[in-house]
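Q: Can you read through this structure? Questions will come right after.
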Amino acid sequence: MHASSENPPENDADRGSLFTDLPWLRRTLVFGLLGPLLGVFELLASEAVLGGLGYLLSVIMGVVFVFGLLASIVTGIMDGRLSRILPIAWRAPLAALSGALLAIGPPAVLLGPMPLDSSIAVGAVGALNMAVCSLLSHDFGRSRPS
């Protein structure tokens with residue numbers, strides 16, 4: 001029988017893709033890749049607007065990626081666990097709070113305290129990145145509350 005687009009099979013709506021069938025894969029890719037890369041892109045954007053980093057830009061990009069990866073992994077695990085019990089409206093702000101704390105805390109412990117304006121900027125970038133990752137990893141097509 002010829003399958004045309006006019007008469008799709010009934011079970012075609014049930015078929016998904018690997019990306020939609022495995023939410024842990026989507027969450028891993030979004031938090032593991034997009035989270036740290038967003039931080040690096042935001043650093044490049046601030047360098048393009050403000051300037052001033054010069055030859056240290058590549059070193060700072062590496063540090064931002066490593067600390068962003070740490071924050072993304074921890075927040076991704078937390079977001080995955082909370083996705084079973086909390087709706088996205090509560091989970092995204094928690095992910096943002098976690099991202100801000102993880103963006104400020106470990107560098108402050110390892111490298112010493114940062115000036116207030118720098119820590120506010122780093123915290124805002126971490127919060128924004130993790131909230132975006134939480135929203136992008138959520139499956140809005142499902143009817144369950146998570």
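Residue names in the structure tokens use chain letters A, B, ... in the order shown, residue numbers from 1 in each chain, and ligand numbers from 1 in the order shown.
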Determine, counting only C-alpha atoms, which protein, DNA and RNA residues have an atom within 8 Å of an atom of Pro93 (chain A); residues of the same chain fewer than 4 positions away are not included. Present the result as a list in words.
A: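 So, after excluding close chain neighbours, the residues are Ala89, Leu97 and Ala131 of chain A.
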Q: Using only C-alpha atoms, determine which residues lie at most 8 Å from Ile104 (chain A), disregarding the query and same-chain residues fewer than 3 positions distant; provide the list as an MDAnalysis selection string.
A: chainID A and resid 100:101 107:108 119 122:123
Q: Could you take the residues named above and write them with all heavy atoms, as a tab-separated table (two decimals), in the first residue's frame?
A:
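Result file again.tsv:
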```tsv
chain	number	residue	atom	x	y	z
A	100	ALA	N	23.46	30.71	39.58
A	100	ALA	CA	24.11	31.90	40.13
A	100	ALA	C	25.06	31.54	41.27
A	100	ALA	O	26.19	32.04	41.34
A	100	ALA	CB	23.05	32.89	40.60
A	101	LEU	N	24.59	30.67	42.17
A	101	LEU	CA	25.44	30.29	43.29
A	101	LEU	C	26.66	29.50	42.85
A	101	LEU	O	27.76	29.69	43.37
A	101	LEU	CB	24.63	29.48	44.30
A	101	LEU	CG	23.55	30.25	45.06
A	101	LEU	CD1	22.74	29.30	45.93
A	101	LEU	CD2	24.17	31.35	45.88
A	107	PRO	N	34.55	29.77	42.02
A	107	PRO	CA	35.66	30.68	41.72
A	107	PRO	C	36.07	31.54	42.91
A	107	PRO	O	37.26	31.82	43.09
A	107	PRO	CB	35.12	31.56	40.59
A	107	PRO	CG	34.03	30.79	39.98
A	107	PRO	CD	33.44	29.97	41.09
A	108	ALA	N	35.11	31.93	43.74
A	108	ALA	CA	35.46	32.74	44.92
A	108	ALA	C	36.26	31.91	45.93
A	108	ALA	O	37.16	32.44	46.58
A	108	ALA	CB	34.20	33.29	45.56
A	119	SER	N	31.11	40.03	40.70
A	119	SER	CA	30.35	38.88	41.18
A	119	SER	C	28.87	38.99	40.80
A	119	SER	O	28.23	37.98	40.52
A	119	SER	CB	30.50	38.72	42.69
A	119	SER	OG	29.99	39.83	43.36
A	122	VAL	N	28.82	37.97	37.05
A	122	VAL	CA	29.03	36.53	36.90
A	122	VAL	C	27.80	35.76	37.39
A	122	VAL	O	27.37	34.78	36.76
A	122	VAL	CB	30.31	36.08	37.65
A	122	VAL	CG1	30.41	34.58	37.75
A	122	VAL	CG2	31.53	36.64	36.95
A	123	GLY	N	27.22	36.17	38.50
A	123	GLY	CA	26.02	35.52	39.01
A	123	GLY	C	24.83	35.67	38.07
A	123	GLY	O	24.06	34.73	37.87
```
Q: If DSSP is run on the backbone, what residues of region 22-134 of chain A are alpha helix (DSSP H)? A reply as a ChimeraX atom specification would be ideal.
A: /A:23-29,35-50,57-82,88-111,116-134
Q: Just checking: using only C-alpha atoms, which residue out of A:Glu42, A:Ala48, A:Phe67, A:Val59 ends up closest to Leu110 (chain A)?
A: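 For Leu110 (chain A), the nearest of the given residues is A:Phe67.
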Q: Can you work out the spacing between CA of Val30 (chain A) and CA of Asp117 (chain A) in Å, to one decimal?
A: 28.4 Å
Q: Tell me, as a ChimeraX atom specification, which residues lie within 7 Å of Val40 (chain A), counting only C-alpha atoms; anything in the same chain fewer than 4 positions away does not count.
A: /A:36,44,61,64-65
Q: With distances taken over only C-alpha atoms, which of A:Phe41, A:Ala127, A:Ile73, A:Arg26 is nearest to Ile60 (chain A)?
A: A:Phe41
